[in-house]
Amino acid sequence: MHASFPVEERDILIPGRERETNQQIPGDPSIWVFVIGEMVAFSCYFAAYMWDRGQHHGLFLQAQRDLSQNVAALNTLVLLASSLFIALSVHATRAGDFAIASRFLTLGGTCGAAFVVSKAFEWSSKLAQGLTLGSNAFFMHYYMLTGVHLFHVLLGLVFLGILWRELNKGSPPRARLMEVGATYWHMVDFLWIIIFPLLYLMR
Amino acid sequence: MTGTSTAAARRLRATKVPVLTKTRNLDQWICWWSIPIFYSVFGLVFVYLTRLMPPPSPGHTTEQIISFIQLNATHLQIGIVVLSLSLGLASLSSGIIVVQMRRMQGVSPALAYAYLAALAVAALPGCLFCGFMFALAAFRPDRDPRLIVLLYDMGLLSFVGSLGCFVVQYMVFAIAIFLDEREIFPKWLGYMSIWGVVTELLAIPIWIFRSGPYAWNGLISFYLGTIIFVVWEFCLVVCLYKAIKAQPIDESLQGDDSLAIAR
Amino acid sequence: MNTTDQRICLWLVPAFGALLLLAFCIFPGFFPPLSPTLSAEEVAAFYRNHVGQIRASMIICNVCGVAFIPFFMVIVVQMQRMANPSRAFAYSYLSAAASGATLFALANLAWLIAAFRPERDPQLTMMLNDLAWMAFITPVGFILAQNLCLALGIYLDARPHPVFPRWVGHFNLATALLMTPGAFALMFMTGPLAWDGALAFWLRIGTYALYLGVMFFVVRAAINRQASEEGAAA
């Protein structure tokens, strides 16, 4: 499959040579449109959560006790680690070390997968306790916030898979694609950094 | 297959088939115009005539539901008549999008056809069924109140809660845009289509809740979802306009290759 | 392009059409059409007294109802042969045909479900009966869209020997217009626009039957022309 549009030279990475950085923002303008839109959308979800929390403070405080802060803290660390690995992967890509970049990418993806598995366990334990989407207002928000976030993580894993293929296809990878994927993943991590205290920590 | 092979393309260009109209791509422009026309009618029907957007609350009592329908009955019926007559216009928007999706390179036609099929399915459960339910409710004022409530539920749940067909629509559209090497549509429209998928996920709780932000009239499930949809549709219309305008002349089909052979 | 499969799809129309016509005659609620003004008890009695005929006719419609889709797809194929700037109208036609078929299926389901338990609460039976009639008569929009797309495609067909003659376009538009009164049936319980009325029922059904008959011959002629064109080119 050949590209039918002009490929900019600075997009192809030659091993050993640094990529020209006459671009102001990393990645694509489109991914930033997406990221900003997601921020706005998630702000709405957070606002709805805070509003309901204000209305039913006691209920929320009590329901929160059913959540495990430790598991969530571990999840946060796992996701932060994954973001670190992805950033290291992009750095290695820029430096031309495609093999190392690919290894960091795999590590980052593994952390992401670990997050998904952990979330699955967390949900199933809550469901086993009889706490479902419809149990009360708090758990409605809990499942919705973590659920929509989980969808983004799963989508992120698909993107990371595409990046892995890009690094391992034989010809030099497109830097912009790596940056776009990394930007998305960092956004997913950032969203969790906000969800974690909102749901688990705030008293 | 949208890009014809070089030999076939040359044959096509060599064919002196008369063009009937001065406007290039007139059929695509007709289909393009159907989109703003349809959505204007849609807005007229659902916001002004039937008052179903924004929807009345799932938390209403039986009396409130009955009074909503009775007070609104004539407008409701006229609105659904208009909907019955005009919903077919939505098919024309599918047609133009399939044409443009088939111009993409590196993408099989399957995604374009999936888009068409998904929206063809969506027409009944996602739109017209709601119209029928309210038409039934308004048809006989003396119907058993419990049945009126059932019809109310069936109408609004189906309207706000038909999720899968639209998930498929947004998903295949996004995948096609990301895989497209010709950038018929800009990549950011693909990202916006992912938002579209998320709005369907956000509507999942409407099947459970009768109040709050995740009810069928809720701030997140309905309002945010509708706003994102309107923005997406607007961007789609603009991108379609640009795509049709940018279409090169020799991509217009003037009959299939057998026409060139016959000459 | 081989025209054999197109001819098969074409002949499905008289084959299944005959069965549907039979079903139409068997169904006790078409001659004369059931009035919307009947009370719940009368509607329930109708289903109780004629349950066998209702089930038989509607089961036939269930099996045969979607059988015109292949015929409509032949029209899509013929539309793709037209010298239009693009295939937009052909695809739109396909979409409208698919959507329209679901509505016939829905109406059919409602009649059958009503007839399944004739001892049901008459209010429920009446509601199902209402749904069936509304879904059968009122959603003319997709037929409108189909006919509009075909007509526009014909008008824009730039071939020296068009796939369909121009009058077919006029015929499609006229048919669509004659069927529009059907949409108003959800507002009226009596009169020509009610679902048993002259305009919403007889004109609509009669026009559509005539339409299918005429289009059968039109499409047959088009397939024949295609075969001779491609035979001459071979």
# chains A, B, ... in the order shown; residues from 1 in each chain; ligands from 1

call {"tool": "interface_residues", "arguments": {"of": "chain C", "to": "chain B", "cutoff": "7 Å", "atoms": "only C-alpha atoms", "output": "CSV table (one decimal) with N, CA and C atoms, in the first residue's frame"}}
result
chain,number,residue,atom,x,y,z
C,81,ARG,N,-25.7,1.8,-13.9
C,81,ARG,CA,-25.3,1.8,-15.3
C,81,ARG,C,-25.6,3.2,-15.9
C,82,MET,N,-26.4,4.0,-15.2
C,82,MET,CA,-26.7,5.3,-15.8
C,82,MET,C,-25.5,6.2,-15.8
C,83,ALA,N,-25.5,7.1,-16.8
C,83,ALA,CA,-24.4,8.1,-16.9
C,83,ALA,C,-24.7,9.3,-16.0
C,84,ASN,N,-24.7,9.0,-14.7
C,84,ASN,CA,-24.8,10.1,-13.7
C,84,ASN,C,-23.4,10.4,-13.3
C,85,PRO,N,-23.3,11.6,-12.8
C,85,PRO,CA,-21.9,12.0,-12.3
C,85,PRO,C,-21.4,11.1,-11.3
C,86,SER,N,-22.2,10.5,-10.5
C,86,SER,CA,-21.7,9.6,-9.4
C,86,SER,C,-22.9,8.6,-9.1
C,87,ARG,N,-22.6,7.7,-8.2
C,87,ARG,CA,-23.6,6.7,-7.8
C,87,ARG,C,-24.4,7.1,-6.6
C,88,ALA,N,-24.4,8.3,-6.3
C,88,ALA,CA,-25.1,8.8,-5.1
C,88,ALA,C,-26.5,8.4,-5.0
C,89,PHE,N,-27.3,8.5,-6.1
C,89,PHE,CA,-28.7,8.2,-6.1
C,89,PHE,C,-28.9,6.7,-6.0
C,91,TYR,N,-27.0,4.6,-4.4
C,91,TYR,CA,-26.8,4.2,-3.0
C,91,TYR,C,-28.0,4.7,-2.1
C,92,SER,N,-28.5,5.9,-2.4
C,92,SER,CA,-29.6,6.4,-1.6
C,92,SER,C,-30.8,5.5,-1.8
C,95,SER,N,-30.6,2.5,0.3
C,95,SER,CA,-30.8,2.7,1.7
C,95,SER,C,-32.3,2.9,2.0
C,96,ALA,N,-33.0,3.7,1.1
C,96,ALA,CA,-34.4,3.9,1.3
C,96,ALA,C,-35.2,2.6,1.2
C,98,ALA,N,-34.2,-0.4,1.8
C,98,ALA,CA,-33.9,-1.3,3.0
C,98,ALA,C,-34.8,-0.7,4.2
C,99,SER,N,-34.8,0.6,4.4
C,99,SER,CA,-35.5,1.1,5.5
C,99,SER,C,-37.0,0.9,5.4
C,130,ASP,N,-53.9,-0.9,16.0
C,130,ASP,CA,-53.6,0.5,15.7
C,130,ASP,C,-52.1,0.5,15.1
C,131,LEU,N,-51.2,-0.1,15.8
C,131,LEU,CA,-49.8,0.0,15.4
C,131,LEU,C,-49.6,-0.6,14.0
C,138,THR,N,-49.0,4.6,6.9
C,138,THR,CA,-48.5,5.9,7.0
C,138,THR,C,-47.0,6.2,6.6
C,139,PRO,N,-46.1,5.3,6.7
C,139,PRO,CA,-44.7,5.7,6.4
C,139,PRO,C,-44.4,5.7,4.9
C,140,VAL,N,-44.9,6.7,4.2
C,140,VAL,CA,-44.7,6.7,2.8
C,140,VAL,C,-43.3,7.4,2.4
C,141,GLY,N,-42.7,7.9,3.4
C,141,GLY,CA,-41.5,8.7,3.2
C,141,GLY,C,-40.4,7.9,2.4
C,142,PHE,N,-40.2,6.6,2.7
C,142,PHE,CA,-39.1,5.9,2.1
C,142,PHE,C,-39.5,5.6,0.7
C,144,LEU,N,-41.3,7.5,-1.1
C,144,LEU,CA,-41.1,8.8,-1.7
C,144,LEU,C,-39.6,9.0,-2.1
C,145,ALA,N,-38.7,8.7,-1.1
C,145,ALA,CA,-37.3,8.8,-1.4
C,145,ALA,C,-36.8,7.9,-2.5
C,156,LEU,N,-31.0,12.7,-14.9
C,156,LEU,CA,-29.6,13.1,-15.1
C,156,LEU,C,-28.8,12.1,-15.9
C,158,ALA,N,-27.1,10.7,-18.7
C,158,ALA,CA,-26.6,11.4,-19.9
C,158,ALA,C,-26.3,10.4,-21.0
C,159,ARG,N,-26.6,9.2,-20.9
C,159,ARG,CA,-26.3,8.2,-21.9
C,159,ARG,C,-27.1,8.6,-23.2
C,183,ALA,N,-49.8,9.3,4.7
C,183,ALA,CA,-49.2,9.7,5.9
C,183,ALA,C,-50.1,10.4,6.9
C,184,PHE,N,-51.3,10.9,6.3
C,184,PHE,CA,-52.2,11.6,7.2
C,184,PHE,C,-53.1,10.7,8.0
C,186,LEU,N,-52.6,8.9,10.4
C,186,LEU,CA,-52.5,8.8,11.8
C,186,LEU,C,-53.2,9.9,12.5
C,187,MET,N,-53.8,10.8,11.7
C,187,MET,CA,-54.5,12.0,12.3
C,187,MET,C,-56.0,11.8,12.3
C,233,ALA,N,-21.4,-5.6,-27.9
C,233,ALA,CA,-20.0,-5.2,-27.6
C,233,ALA,C,-19.1,-6.4,-27.6

call {"tool": "interface_residues", "arguments": {"of": "chain B", "to": "chain A", "cutoff": "12 Å", "atoms": "only C-alpha atoms", "output": "PyMOL selection string"}}
result
chain B and resi 3+104-107+171+175+178-215+218-221+223-225+227-228+231-232

call {"tool": "select_by_dssp", "arguments": {"residues": "chain A", "states": "alpha helix (DSSP H)", "output": "ChimeraX atom specification"}}
result
/A:29-55,57-64,69-95,98-128,137-167,175-196

call {"tool": "write_last_selection", "arguments": {"atoms": "C-alpha atoms", "output": "CSV table (one decimal), in the first residue's frame"}}
result
chain,number,residue,atom,x,y,z
A,29,PRO,CA,-3.4,19.6,15.1
A,30,SER,CA,-6.2,17.1,14.8
A,31,ILE,CA,-5.3,15.1,17.9
A,32,TRP,CA,-5.2,18.3,19.9
A,33,VAL,CA,-8.7,19.2,18.7
A,34,PHE,CA,-9.7,15.8,20.0
A,35,VAL,CA,-7.9,16.2,23.3
A,36,ILE,CA,-9.4,19.6,24.0
A,37,GLY,CA,-12.8,18.3,23.1
A,38,GLU,CA,-12.4,15.4,25.4
A,39,MET,CA,-11.4,17.7,28.2
A,40,VAL,CA,-14.5,19.7,27.7
A,41,ALA,CA,-16.7,16.6,27.6
A,42,PHE,CA,-15.1,15.2,30.7
A,43,SER,CA,-15.4,18.5,32.5
A,44,CYS,CA,-19.2,18.1,31.9
A,45,TYR,CA,-19.1,14.7,33.5
A,46,PHE,CA,-17.1,15.9,36.4
A,47,ALA,CA,-19.4,18.9,36.9
A,48,ALA,CA,-22.4,16.5,36.9
A,49,TYR,CA,-20.7,14.4,39.5
A,50,MET,CA,-19.8,17.3,41.7
A,51,TRP,CA,-23.4,18.6,41.5
A,52,ASP,CA,-24.9,15.3,42.5
A,53,ARG,CA,-22.2,15.0,45.2
A,54,GLY,CA,-23.3,18.4,46.6
A,55,GLN,CA,-26.9,17.2,46.6
A,57,HIS,CA,-23.1,14.4,50.3
A,58,GLY,CA,-23.8,11.9,53.0
A,59,LEU,CA,-24.8,9.2,50.5
A,60,PHE,CA,-21.6,9.7,48.5
A,61,LEU,CA,-19.4,9.6,51.5
A,62,GLN,CA,-20.9,6.4,52.7
A,63,ALA,CA,-20.8,4.8,49.3
A,64,GLN,CA,-17.2,5.8,48.7
A,69,GLN,CA,-8.3,3.3,47.7
A,70,ASN,CA,-5.2,1.1,47.6
A,71,VAL,CA,-6.2,-0.7,44.4
A,72,ALA,CA,-7.0,2.7,42.8
A,73,ALA,CA,-3.6,4.1,43.9
A,74,LEU,CA,-1.9,1.1,42.4
A,75,ASN,CA,-3.9,1.7,39.2
A,76,THR,CA,-2.7,5.3,39.2
A,77,LEU,CA,0.9,4.3,39.5
A,78,VAL,CA,0.5,1.7,36.7
A,79,LEU,CA,-0.9,4.3,34.4
A,80,LEU,CA,1.7,6.8,35.3
A,81,ALA,CA,4.4,4.2,34.6
A,82,SER,CA,2.8,3.4,31.2
A,83,SER,CA,2.9,7.1,30.3
A,84,LEU,CA,6.5,7.2,31.2
A,85,PHE,CA,7.3,4.3,29.0
A,86,ILE,CA,5.4,5.8,26.1
A,87,ALA,CA,7.3,9.1,26.5
A,88,LEU,CA,10.6,7.1,26.6
A,89,SER,CA,9.5,5.3,23.5
A,90,VAL,CA,8.9,8.6,21.6
A,91,HIS,CA,12.2,9.9,22.8
A,92,ALA,CA,14.0,6.8,21.5
A,93,THR,CA,12.2,7.0,18.2
A,94,ARG,CA,13.4,10.6,17.7
A,95,ALA,CA,16.9,9.4,18.5
A,98,PHE,CA,13.7,1.9,16.9
A,99,ALA,CA,14.3,-1.4,18.7
A,100,ILE,CA,14.5,0.3,22.1
A,101,ALA,CA,11.5,2.4,21.3
A,102,SER,CA,9.5,-0.7,20.5
A,103,ARG,CA,10.5,-2.3,23.8
A,104,PHE,CA,9.4,0.8,25.7
A,105,LEU,CA,6.2,0.8,23.8
A,106,THR,CA,5.5,-2.8,24.7
A,107,LEU,CA,6.2,-2.0,28.4
A,108,GLY,CA,3.8,0.9,28.2
A,109,GLY,CA,1.1,-1.2,26.5
A,110,THR,CA,1.6,-4.0,29.1
A,111,CYS,CA,1.0,-1.4,31.9
A,112,GLY,CA,-2.1,-0.3,30.1
A,113,ALA,CA,-3.4,-3.8,29.8
A,114,ALA,CA,-2.7,-4.3,33.5
A,115,PHE,CA,-4.9,-1.3,34.2
A,116,VAL,CA,-7.7,-2.9,32.2
A,117,VAL,CA,-7.4,-6.2,34.0
A,118,SER,CA,-7.3,-4.5,37.4
A,119,LYS,CA,-10.4,-2.5,36.5
A,120,ALA,CA,-12.1,-5.7,35.5
A,121,PHE,CA,-11.4,-7.2,38.9
A,122,GLU,CA,-12.5,-4.1,40.7
A,123,TRP,CA,-15.8,-4.0,38.9
A,124,SER,CA,-16.5,-7.7,39.3
A,125,SER,CA,-15.8,-7.5,43.0
A,126,LYS,CA,-18.2,-4.5,43.3
A,127,LEU,CA,-20.8,-6.4,41.2
A,128,ALA,CA,-20.4,-9.4,43.4
A,137,ALA,CA,-26.3,8.0,42.5
A,138,PHE,CA,-22.7,7.5,43.5
A,139,PHE,CA,-22.3,4.2,41.8
A,140,MET,CA,-24.0,5.5,38.7
A,141,HIS,CA,-21.3,8.1,38.4
A,142,TYR,CA,-18.6,5.6,39.4
A,143,TYR,CA,-19.4,3.1,36.7
A,144,MET,CA,-20.0,5.8,34.1
A,145,LEU,CA,-16.8,7.7,34.8
A,146,THR,CA,-14.6,4.7,35.0
A,147,GLY,CA,-16.5,3.0,32.2
A,148,VAL,CA,-16.0,5.9,29.7
A,149,HIS,CA,-12.4,6.1,30.8
A,150,LEU,CA,-12.0,2.4,30.3
A,151,PHE,CA,-13.3,2.7,26.8
A,152,HIS,CA,-10.6,5.4,26.1
A,153,VAL,CA,-7.9,3.1,27.6
A,154,LEU,CA,-9.0,0.2,25.3
A,155,LEU,CA,-9.0,2.5,22.3
A,156,GLY,CA,-5.6,3.7,23.5
A,157,LEU,CA,-4.3,0.1,23.5
A,158,VAL,CA,-5.5,-0.2,19.9
A,159,PHE,CA,-3.6,3.0,19.0
A,160,LEU,CA,-0.5,1.6,20.8
A,161,GLY,CA,-0.8,-1.5,18.7
A,162,ILE,CA,-0.8,0.6,15.6
A,163,LEU,CA,2.3,2.4,16.8
A,164,TRP,CA,4.0,-0.9,17.5
A,165,ARG,CA,3.4,-2.0,13.9
A,166,GLU,CA,4.8,1.4,12.8
A,167,LEU,CA,8.0,0.7,14.7
A,175,ALA,CA,7.5,10.6,13.8
A,176,ARG,CA,4.2,12.4,13.7
A,177,LEU,CA,2.2,9.2,14.1
A,178,MET,CA,4.2,8.3,17.2
A,179,GLU,CA,3.6,11.7,18.7
A,180,VAL,CA,-0.1,11.5,18.0
A,181,GLY,CA,-0.4,8.2,19.7
A,182,ALA,CA,1.6,9.3,22.6
A,183,THR,CA,-0.5,12.5,23.0
A,184,TYR,CA,-3.6,10.4,23.1
A,185,TRP,CA,-2.2,8.1,25.7
A,186,HIS,CA,-1.0,10.9,27.9
A,187,MET,CA,-4.5,12.4,27.7
A,188,VAL,CA,-6.0,9.1,28.9
A,189,ASP,CA,-3.5,9.1,31.8
A,190,PHE,CA,-4.3,12.7,32.7
A,191,LEU,CA,-8.0,12.0,32.8
A,192,TRP,CA,-7.4,9.2,35.3
A,193,ILE,CA,-5.3,11.6,37.5
A,194,ILE,CA,-8.5,13.6,37.9
A,195,ILE,CA,-10.9,10.7,38.2
A,196,PHE,CA,-8.9,9.0,40.9

call {"tool": "closest_residue", "arguments": {"among": "C:Leu103, C:Leu152, C:Ile26, C:Ala227", "to": "Gly52 of chain C", "atoms": "only C-alpha atoms"}}
result
C:Ile26

call {"tool": "decode", "arguments": {"residues": "segment 118-150 of chain B", "atoms": "N, CA and C atoms", "output": "compact mmCIF listing (two decimals), in the first residue's frame"}}
result
# COMPACT_ATOMS: atom_id res chain seq x y z
N ALA B 118 -26.01 0.53 8.39
CA ALA B 118 -26.29 0.89 9.78
C ALA B 118 -27.36 1.97 9.86
N LEU B 119 -27.26 2.98 8.99
CA LEU B 119 -28.27 4.05 9.05
C LEU B 119 -29.60 3.59 8.49
N ALA B 120 -29.56 2.67 7.52
CA ALA B 120 -30.83 2.13 7.02
C ALA B 120 -31.56 1.41 8.14
N VAL B 121 -30.81 0.69 8.96
CA VAL B 121 -31.40 0.01 10.11
C VAL B 121 -31.92 1.04 11.11
N ALA B 122 -31.14 2.08 11.35
CA ALA B 122 -31.45 3.03 12.43
C ALA B 122 -32.77 3.74 12.21
N ALA B 123 -33.21 3.84 10.95
CA ALA B 123 -34.38 4.66 10.65
C ALA B 123 -35.61 4.26 11.46
N LEU B 124 -35.84 2.94 11.56
CA LEU B 124 -37.05 2.53 12.26
C LEU B 124 -36.88 2.58 13.78
N PRO B 125 -36.02 1.74 14.38
CA PRO B 125 -35.96 1.79 15.84
C PRO B 125 -35.48 3.12 16.40
N GLY B 126 -34.67 3.82 15.66
CA GLY B 126 -34.08 5.03 16.21
C GLY B 126 -34.86 6.30 15.97
N CYS B 127 -35.86 6.25 15.10
CA CYS B 127 -36.55 7.50 14.81
C CYS B 127 -38.06 7.30 14.59
N LEU B 128 -38.40 6.52 13.57
CA LEU B 128 -39.80 6.46 13.19
C LEU B 128 -40.65 5.72 14.23
N PHE B 129 -40.03 4.75 14.91
CA PHE B 129 -40.76 3.99 15.92
C PHE B 129 -41.28 4.93 17.00
N CYS B 130 -40.45 5.88 17.39
CA CYS B 130 -40.86 6.88 18.39
C CYS B 130 -42.09 7.63 17.87
N GLY B 131 -42.03 8.00 16.60
CA GLY B 131 -43.17 8.69 16.01
C GLY B 131 -44.43 7.87 16.10
N PHE B 132 -44.33 6.58 15.77
CA PHE B 132 -45.50 5.71 15.84
C PHE B 132 -46.06 5.64 17.25
N MET B 133 -45.16 5.51 18.22
CA MET B 133 -45.64 5.36 19.60
C MET B 133 -46.44 6.57 20.03
N PHE B 134 -45.94 7.76 19.70
CA PHE B 134 -46.68 8.96 20.08
C PHE B 134 -47.91 9.16 19.21
N ALA B 135 -47.84 8.73 17.95
CA ALA B 135 -49.05 8.79 17.11
C ALA B 135 -50.13 7.92 17.72
N LEU B 136 -49.74 6.73 18.16
CA LEU B 136 -50.71 5.84 18.81
C LEU B 136 -51.27 6.48 20.07
N ALA B 137 -50.39 7.13 20.83
CA ALA B 137 -50.85 7.72 22.09
C ALA B 137 -51.85 8.85 21.83
N ALA B 138 -51.60 9.61 20.78
CA ALA B 138 -52.47 10.75 20.50
C ALA B 138 -53.73 10.35 19.73
N PHE B 139 -53.73 9.13 19.17
CA PHE B 139 -54.82 8.73 18.26
C PHE B 139 -56.13 8.55 19.01
N ARG B 140 -56.06 7.90 20.17
CA ARG B 140 -57.28 7.64 20.93
C ARG B 140 -57.17 8.27 22.32
N PRO B 141 -57.86 9.38 22.54
CA PRO B 141 -57.77 10.05 23.84
C PRO B 141 -58.30 9.17 24.97
N ASP B 142 -59.15 8.20 24.63
CA ASP B 142 -59.78 7.41 25.68
C ASP B 142 -59.01 6.12 25.97
N ARG B 143 -57.79 6.00 25.42
CA ARG B 143 -57.03 4.77 25.66
C ARG B 143 -56.70 4.64 27.14
N ASP B 144 -56.60 3.41 27.59
CA ASP B 144 -56.23 3.09 28.97
C ASP B 144 -54.95 3.85 29.35
N PRO B 145 -54.96 4.60 30.45
CA PRO B 145 -53.78 5.40 30.84
C PRO B 145 -52.50 4.58 30.97
N ARG B 146 -52.62 3.33 31.41
CA ARG B 146 -51.40 2.53 31.55
C ARG B 146 -50.77 2.26 30.19
N LEU B 147 -51.64 2.12 29.16
CA LEU B 147 -51.10 1.93 27.82
C LEU B 147 -50.43 3.19 27.31
N ILE B 148 -51.01 4.34 27.64
CA ILE B 148 -50.40 5.60 27.24
C ILE B 148 -49.01 5.72 27.84
N VAL B 149 -48.87 5.35 29.10
CA VAL B 149 -47.55 5.40 29.75
C VAL B 149 -46.60 4.44 29.05
N LEU B 150 -47.10 3.25 28.71
CA LEU B 150 -46.25 2.28 28.00
C LEU B 150 -45.79 2.85 26.67
